[in-house]
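**Q** Supplied structure: entry.cif, mmCIF, C-alpha atoms.
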```cif
data_model
#
loop_
_atom_site.label_atom_id
_atom_site.label_comp_id
_atom_site.auth_asym_id
_atom_site.auth_seq_id
_atom_site.Cartn_x
_atom_site.Cartn_y
_atom_site.Cartn_z
CA GLY A 1 -22.01 -1.44 39.37
CA PRO A 2 -19.21 0.65 40.96
CA HIS A 3 -19.55 1.40 44.65
CA CYS A 4 -19.51 5.07 45.65
CA THR A 5 -19.94 6.66 49.08
CA ARG A 6 -22.45 9.45 49.67
CA SER A 7 -19.66 12.01 50.19
CA SER A 8 -18.12 11.00 46.88
CA VAL A 9 -21.46 11.43 45.13
CA ILE A 10 -21.86 14.90 46.62
CA MET A 11 -18.37 15.90 45.55
CA ALA A 12 -19.04 14.56 42.07
CA MET A 13 -22.26 16.58 41.94
CA ALA A 14 -20.37 19.69 43.01
CA SER A 15 -17.66 19.13 40.43
CA LEU A 16 -20.23 18.59 37.69
CA MET A 17 -21.95 21.77 38.72
CA ILE A 18 -18.87 23.93 38.28
CA MET A 19 -17.60 22.32 35.05
CA ARG A 20 -17.72 24.63 32.10
CA PRO A 21 -20.15 23.48 29.44
CA SER A 22 -18.60 22.35 26.19
CA SER A 23 -19.88 23.22 22.77
CA LYS A 24 -19.48 19.55 21.92
CA GLY A 25 -22.15 17.76 23.90
CA SER A 26 -20.73 14.27 23.54
CA SER A 27 -17.27 15.36 24.67
CA SER A 28 -18.72 17.14 27.71
CA SER A 29 -20.81 14.09 28.60
CA PHE A 30 -17.75 11.85 28.33
CA ARG A 31 -15.75 14.06 30.66
CA ARG A 32 -18.57 14.04 33.21
CA ARG A 33 -18.81 10.25 33.16
CA ARG A 34 -15.04 9.92 33.50
CA LEU A 35 -15.01 12.35 36.46
CA LEU A 36 -17.71 10.44 38.31
CA SER A 37 -16.04 7.12 37.59
CA ARG A 38 -12.71 8.35 38.95
CA THR A 39 -14.36 9.81 42.04
CA CYS A 40 -16.02 6.49 42.85
CA ALA A 41 -12.85 4.50 42.16
CA SER A 42 -10.85 6.76 44.46
CA SER A 43 -13.45 6.30 47.20
CA SER A 44 -13.38 2.53 46.88
CA SER A 45 -9.57 2.46 46.98
CA SER A 46 -9.49 4.63 50.09
CA SER A 47 -12.12 2.50 51.80
CA SER A 48 -10.27 -0.74 51.19
CA SER A 49 -6.91 0.61 52.38
CA SER A 50 -8.40 1.93 55.61
CA SER A 51 -9.39 -1.57 56.71
CA LEU A 52 -6.21 -3.49 55.91
CA LYS A 53 -6.83 -5.69 58.92
CA ASN A 54 -10.07 -6.41 60.72
CA TRP A 55 -10.31 -4.31 63.89
CA SER A 56 -11.80 -7.08 66.02
CA SER A 57 -8.77 -9.28 65.24
CA ILE A 58 -6.38 -6.49 66.25
CA GLN A 59 -8.31 -5.82 69.43
CA LEU A 60 -8.29 -9.51 70.37
CA ALA A 61 -4.54 -9.82 69.70
CA LEU A 62 -3.74 -6.71 71.73
CA LYS A 63 -5.63 -7.99 74.73
CA ASN A 64 -4.94 -11.74 74.70
CA LYS A 65 -1.72 -12.24 72.75
CA TYR A 66 0.31 -9.14 73.53
CA ARG A 67 -1.26 -8.23 76.89
CA VAL A 68 -1.33 -4.53 76.08
CA SER A 69 -2.73 -2.50 78.98
CA ASP A 70 -4.32 0.92 79.41
CA VAL A 71 -2.85 4.05 80.93
CA ASP A 72 -5.51 6.23 82.50
CA ALA A 73 -5.38 9.72 80.99
CA SER A 74 -5.25 11.28 84.47
CA ASP A 75 -2.05 9.35 85.25
CA LEU A 76 -0.25 10.25 82.02
CA PRO A 77 1.17 13.68 83.03
CA ALA A 78 3.00 12.26 86.05
CA LEU A 79 4.12 9.20 84.11
CA VAL A 80 5.61 11.30 81.31
CA SER A 81 7.23 13.71 83.75
CA SER A 82 8.94 10.80 85.50
CA GLY A 83 10.88 10.05 82.32
CA LYS A 84 10.22 6.33 82.73
CA VAL A 85 8.28 5.95 79.48
CA THR A 86 8.48 7.16 75.89
CA LEU A 87 5.28 8.89 74.81
CA VAL A 88 4.50 8.11 71.15
CA ASP A 89 2.12 10.65 69.61
CA VAL A 90 0.63 8.92 66.55
CA ARG A 91 -1.16 11.91 65.01
CA PRO A 92 -0.29 13.02 61.45
CA PRO A 93 2.89 15.17 61.29
CA ASN A 94 1.03 18.38 60.45
CA GLU A 95 -1.18 18.05 63.54
CA TYR A 96 1.77 17.10 65.75
CA ALA A 97 3.67 20.17 64.53
CA GLU A 98 0.91 22.46 65.82
CA TRP A 99 1.20 21.38 69.46
CA HIS A 100 2.63 18.42 71.36
CA ASN A 101 4.25 17.27 74.57
CA PRO A 102 7.95 18.24 74.71
CA SER A 103 8.99 14.69 75.68
CA SER A 104 6.97 12.93 72.98
CA VAL A 105 8.06 11.48 69.65
CA ASN A 106 5.90 11.48 66.54
CA ILE A 107 5.40 8.14 64.80
CA ALA A 108 2.27 8.70 62.75
CA THR A 109 -0.09 5.92 61.75
CA ALA A 110 -1.20 7.99 58.74
CA LYS A 111 0.43 10.64 56.57
CA PRO A 112 -0.73 12.82 53.66
CA ARG A 113 -1.11 10.78 50.47
CA LYS A 114 2.00 10.72 48.27
CA ASN A 115 -0.19 11.11 45.20
CA LEU A 116 -0.67 14.87 45.11
CA LEU A 117 -3.87 14.67 43.06
CA LYS A 118 -5.55 12.34 45.55
CA ARG A 119 -4.21 14.33 48.50
CA SER A 120 -5.61 17.55 47.05
CA ILE A 121 -9.16 16.17 47.17
CA GLY A 122 -8.93 16.57 50.93
CA PHE A 123 -8.02 20.24 50.58
CA PHE A 124 -11.33 20.93 48.86
CA ILE A 125 -13.40 19.24 51.58
CA GLY A 126 -11.55 20.94 54.41
CA ILE A 127 -9.29 18.09 55.58
CA LYS A 128 -6.18 19.58 57.13
CA GLY A 129 -3.13 18.41 55.21
CA GLY A 130 -5.28 16.69 52.57
CA LEU A 131 -6.36 13.04 52.33
CA LYS A 132 -4.24 10.62 54.35
CA GLU A 133 -2.96 7.09 53.82
CA GLU A 134 -1.30 4.51 56.02
CA ASN A 135 2.25 5.47 56.99
CA GLU A 136 4.43 2.97 55.15
CA GLU A 137 7.51 4.20 57.06
CA PHE A 138 5.95 3.46 60.47
CA GLU A 139 8.23 0.50 61.22
CA GLN A 140 11.34 2.35 60.04
CA GLU A 141 10.51 5.39 62.18
CA ALA A 142 9.75 3.18 65.19
CA ALA A 143 13.17 1.53 64.88
CA THR A 144 14.77 4.99 64.83
CA TYR A 145 12.89 6.55 67.74
CA LEU A 146 12.49 3.40 69.83
CA PRO A 147 15.77 1.44 69.59
CA ASN A 148 15.13 -0.55 72.81
CA LYS A 149 12.24 -2.96 72.20
CA ASN A 150 11.97 -3.76 75.92
CA ALA A 151 11.64 -0.15 77.09
CA PRO A 152 8.15 1.05 78.16
CA VAL A 153 6.21 2.79 75.39
CA VAL A 154 2.87 4.60 75.65
CA CYS A 155 0.87 5.36 72.47
CA VAL A 156 -1.56 8.27 72.39
CA CYS A 157 -3.91 9.84 69.84
CA MET A 158 -6.89 12.19 69.88
CA LYS A 159 -9.48 9.44 70.16
CA GLY A 160 -8.10 7.00 72.71
CA GLY A 161 -10.17 3.93 71.91
CA SER A 162 -10.62 0.89 74.12
CA LEU A 163 -9.41 -2.69 74.46
CA GLU A 164 -12.92 -3.76 75.43
CA PRO A 165 -15.19 -4.78 72.51
CA SER A 166 -18.18 -2.53 71.91
CA ASN A 167 -20.32 -5.37 70.46
CA LEU A 168 -22.00 -2.77 68.26
CA LYS A 169 -23.05 -3.70 64.73
CA THR A 170 -21.81 -0.51 63.10
CA ASN A 171 -19.45 0.30 60.23
CA ILE A 172 -17.24 2.37 62.51
CA ASP A 173 -16.35 0.77 65.84
CA PRO A 174 -16.04 3.45 68.57
CA THR A 175 -13.35 1.40 70.32
CA ASP A 176 -11.03 1.51 67.28
CA SER A 177 -8.29 4.17 67.41
CA PRO A 178 -4.97 5.14 65.82
CA SER A 179 -3.11 4.68 69.12
CA LEU A 180 -4.30 1.09 69.48
CA ARG A 181 -3.44 0.30 65.85
CA ALA A 182 0.00 1.81 66.46
CA ALA A 183 0.37 -0.34 69.59
CA TYR A 184 -0.49 -3.40 67.50
CA ARG A 185 2.11 -2.57 64.86
CA LEU A 186 4.75 -2.09 67.55
CA CYS A 187 3.86 -5.41 69.17
CA GLU A 188 4.09 -7.10 65.78
CA MET A 189 7.62 -5.67 65.51
CA GLY A 190 8.60 -7.28 68.79
CA TYR A 191 8.14 -4.47 71.32
CA THR A 192 7.35 -6.05 74.67
CA ASN A 193 6.15 -3.19 76.90
CA VAL A 194 3.50 -1.26 74.99
CA ARG A 195 0.52 0.58 76.49
CA HIS A 196 -2.00 3.10 75.21
CA VAL A 197 -3.87 6.05 76.70
CA GLU A 198 -7.58 5.44 77.17
CA GLY A 199 -9.32 8.77 76.75
CA GLY A 200 -6.63 10.11 74.43
CA LEU A 201 -4.94 13.49 74.37
CA PRO A 202 -8.03 15.57 75.28
CA LEU A 203 -8.46 13.88 78.67
CA ALA A 204 -4.70 13.81 79.26
CA ILE A 205 -4.46 17.56 78.60
CA GLU A 206 -7.41 18.23 80.89
CA SER A 207 -5.44 16.29 83.51
CA GLY A 208 -2.42 18.55 83.11
CA LEU A 209 -0.32 17.08 80.28
CA ASP A 210 2.18 19.62 78.95
CA PHE A 211 1.57 20.47 75.27
CA SER A 212 3.67 23.63 75.01
CA GLN A 213 5.83 22.56 72.06
CA GLY A 214 4.99 23.25 68.42
CA THR A 215 3.81 26.18 66.34
CA TRP A 216 0.84 26.94 68.57
CA GLY A 217 1.84 25.13 71.76
CA GLU A 218 3.12 28.04 73.82
CA LEU A 219 0.29 30.39 72.82
CA LEU A 220 -2.39 27.76 73.48
CA THR A 221 -0.89 26.94 76.87
CA LYS A 222 -1.05 30.60 77.89
CA ALA A 223 -4.57 31.03 76.49
CA ARG A 224 -5.86 28.07 78.52
CA ASN A 225 -5.06 30.00 81.69
CA VAL A 226 -7.51 32.74 80.65
CA ASP A 227 -10.97 31.49 81.65
CA PRO A 228 -12.96 33.23 78.87
CA LEU A 229 -10.67 31.63 76.26
CA LEU A 230 -10.67 28.09 77.64
CA GLY A 231 -13.66 26.89 75.60
CA THR A 232 -12.26 28.40 72.39
CA VAL A 233 -8.86 26.79 72.96
CA ARG A 234 -10.44 23.39 73.53
CA LEU A 235 -12.51 23.70 70.36
CA ALA A 236 -9.52 24.80 68.27
CA MET A 237 -7.32 21.98 69.54
CA TYR A 238 -9.69 19.04 69.79
CA SER A 239 -11.64 19.85 66.61
CA ARG A 240 -8.47 20.46 64.58
CA MET A 241 -9.56 24.01 63.78
CA LEU A 242 -6.25 25.84 64.20
CA PRO A 243 -5.41 28.04 61.18
CA ASP A 244 -3.78 26.11 58.35
CA PRO A 245 -3.39 27.24 54.70
CA SER A 246 -4.29 23.73 53.50
CA THR A 247 -7.86 24.12 54.78
CA ALA A 248 -8.53 27.35 52.85
CA PRO A 249 -9.75 25.60 49.67
CA GLY A 250 -12.14 23.62 51.87
CA PHE A 251 -14.24 26.71 52.51
CA VAL A 252 -14.72 27.14 48.78
CA GLY A 253 -15.23 23.42 48.20
CA GLN A 254 -17.80 23.10 50.96
CA ALA A 255 -19.66 26.16 49.68
CA VAL A 256 -19.88 24.52 46.25
CA VAL A 257 -21.07 21.26 47.82
CA PHE A 258 -23.81 23.00 49.78
CA ALA A 259 -24.83 24.91 46.66
CA ALA A 260 -24.97 21.69 44.65
CA VAL A 261 -27.02 19.87 47.29
CA GLY A 262 -29.36 22.84 47.61
CA LEU A 263 -29.76 23.03 43.84
CA TYR A 264 -30.44 19.29 43.71
CA PHE A 265 -33.45 19.64 46.01
CA LYS A 266 -34.66 23.01 44.75
CA ASN A 267 -34.21 22.75 40.99
CA ASP A 268 -36.16 19.96 39.30
CA GLN A 269 -34.16 20.17 36.07
CA PHE A 270 -30.83 19.79 37.90
CA LYS A 271 -32.24 16.93 40.02
CA VAL A 272 -33.36 15.03 36.91
CA PHE A 273 -29.96 15.57 35.31
CA VAL A 274 -28.07 14.24 38.38
CA ASP A 275 -30.44 11.30 38.89
CA GLU A 276 -30.06 10.23 35.27
CA LEU A 277 -26.29 10.55 35.46
CA LEU A 278 -26.03 8.49 38.64
CA ALA A 279 -28.49 5.91 37.33
CA GLN A 280 -26.04 5.12 34.54
CA TYR A 281 -23.69 3.75 37.22
CA GLY A 282 -26.34 2.06 39.35
CA ILE A 283 -25.93 4.59 42.16
CA ALA A 284 -28.92 5.46 44.33
CA VAL A 285 -28.71 8.57 46.50
#
```
Will you turn the file into structure tokens for me?
**A**
Amino acid sequence: GPHCTRSSVIMAMASLMIMRPSSKGSSSSFRRRRLLSRTCASSSSSSSSSSLKNWSSIQLALKNKYRVSDVDASDLPALVSSGKVTLVDVRPPNEYAEWHNPSSVNIATAKPRKNLLKRSIGFFIGIKGGLKEENEEFEQEAATYLPNKNAPVVCVCMKGGSLEPSNLKTNIDPTDSPSLRAAYRLCEMGYTNVRHVEGGLPLAIESGLDFSQGTWGELLTKARNVDPLLGTVRLAMYSRMLPDPSTAPGFVGQAVVFAAVGLYFKNDQFKVFVDELLAQYGIAV
């Protein structure tokens, strides 16, 4: 049967919960089945696109074929200040716009989905900017911002990642990161001097990297100098919790999800209804 992730099932449950009942039972049932089917299909499509290339293959190529090296986060502020490298911030445009290094350029590995309907799903689960997809203009933007393929380039993201294999048998490899995937794409384009920041932006900022540009950059920089506010600033920046209108529907969506999950475990009639519905698609929760 169709594959569906747990989060998709929960969202489907929440959506079913808030659907208005129809006077025509068969029509209402059909709409419910179609909703669940579309939710699962969307999840499967997103899952397959997020793993366009096996991470272990990318990691191996970065290390052995392209000889990509690390830049220690503590060394990044001085390196950027020297003007000898181009810092490529690979975060989504909406996150980059909030705060960034004045010398950096933004070449995102992922951008909000072009399909507004699919993107809007992210709004209702609190994802800033909505659901993302691979940036198809990455190569075009790289050619614009980085015309010299022999000039030194340093890629950075929030996670950092590592060139050393984790050897963990998990679905999500902790060494995988947007900055390393960006480095790989640049190497595939023919760039010869590409590095990445191990430890990512959080460690670089703690080491003194300037992030004063952007909507919140100047205010956050000033707030960091006030000891009682330091922890709050870190949380807001590193957890992507700065105010953004696109996250507002997420509060409502998450409330509905929690209500649906609570109802599932507290109300036997609702639990039976959901179990029977999911059983039709071979889904076990």
**Q** Expanded to explicit residues, what is the PyMOL selection byres ((chain A and resi 113-119) around 6) for this file, as a list of chain:residue names?
**A**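 With the PyMOL selection byres ((chain A and resi 113-119) around 6) on this model, the match is A:Pro112, A:Ser120, A:Ile121, A:Gly122, A:Gly130, A:Leu131, A:Lys132, A:Glu133.
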**Q** As an exercise, work out the distance from atom CA of A:Ser179 to atom CA of A:Thr144 in Å and give it to one decimal place.
**A**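 Computed distance, atom CA of A:Ser179 to atom CA of A:Thr144, equals 18.4 Å.
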**Q** Can you list what the PyMOL selection byres ((chain A and resi 71-80) around 8) grabs from this structure, as a list in words?
**A**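 Answer for the PyMOL selection byres ((chain A and resi 71-80) around 8): Ser69, Asp70, Ser81, Ser82, Gly83, Lys84, Val85, Thr86, Leu87, Ser103, Val154, Arg195, His196, Val197, Glu198, Gly199, Gly200, Leu201, Leu203, Ala204, Ser207, Gly208, Leu209 and Asp210 of chain A.
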**Q** Can you measure atom CA of A:Asn94 to atom CA of A:Ala151 for me? One decimal in Å is fine.
**A** 27.1 Å
**Q** Would you mind telling me which residue in A:Glu206, A:Glu141, A:Asp89, A:Asp176 lies nearest to A:Thr221 when using all atoms listed in the file?
**A**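 Among the listed residues, A:Glu206 lies closest to A:Thr221.
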**Q** How far is it from atom CA of A:Pro228 to atom CA of A:Cys157, in Å with one decimal?
**A**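 Value for the atom CA of A:Pro228-atom CA of A:Cys157 distance: 26.7 Å.
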**Q** Take the PyMOL selection byres ((chain A and resi 63) around 12), run it mentally on this structure, and tell me the resulting residues as JSON, numbers by chain.
**A** {"A": [56, 57, 58, 59, 60, 61, 62, 64, 65, 66, 67, 68, 69, 70, 162, 163, 164, 165, 180, 183, 184, 187, 194, 195, 196]}
**Q** Name the closest residue to A:Val105 among the candidates A:Leu235, A:Val156, A:Val261, A:Val88; distances are taken between atoms, counting all atoms listed in the file.
**A**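 Going through A:Leu235, A:Val156, A:Val261, A:Val88 one by one, the smallest distance to A:Val105 is for A:Val88.
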**Q** Ranking A:Tyr96, A:Trp55, A:Trp216, A:Phe138 by minimum distance to A:Met189 and counting all atoms listed in the file, which one comes first?
**A**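 The shortest atom-to-atom distance to A:Met189 comes from A:Phe138.
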**Q** Compare A:Glu136, A:Val90, A:Ala143, A:Leu242 by their minimum atom-to-atom distance to A:Thr215, counting only C-alpha atoms, and give me the closest one.
**A**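 Closest to A:Thr215 of all the choices is A:Leu242.
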**Q** Which residue out of A:Thr232, A:Asn135, A:Asn225, A:Asn54 has the minimum interatomic distance to A:Asn171 when all atoms listed in the file are used?
**A**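 Counting all atoms listed in the file, the residue closest to A:Asn171 is A:Asn54.
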**Q** Quick one: residues within 9 Å of A:Glu139, only C-alpha atoms counted, chain neighbours fewer than 6 positions away excluded, as a ChimeraX atom specification?
**A** /A:107,185-186,189
**Q** Would you put the residues from that selection into a file with C-alpha atoms, as a tab-separated table (two decimals), in the frame of the given file?
**A**
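Output file selection-v9.tsv is given in full below:
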```tsv
chain	number	residue	atom	x	y	z
A	107	ILE	CA	5.40	8.14	64.80
A	185	ARG	CA	2.11	-2.57	64.86
A	186	LEU	CA	4.75	-2.09	67.55
A	189	MET	CA	7.62	-5.67	65.51
```
**Q** Using all atoms listed in the file, find the one residue out of A:Ser177, A:Ser212, A:Phe273, A:Tyr281 that sits nearest to A:Ser104.
**A**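 Going through A:Ser177, A:Ser212, A:Phe273, A:Tyr281 one by one, the smallest distance to A:Ser104 is for A:Ser212.
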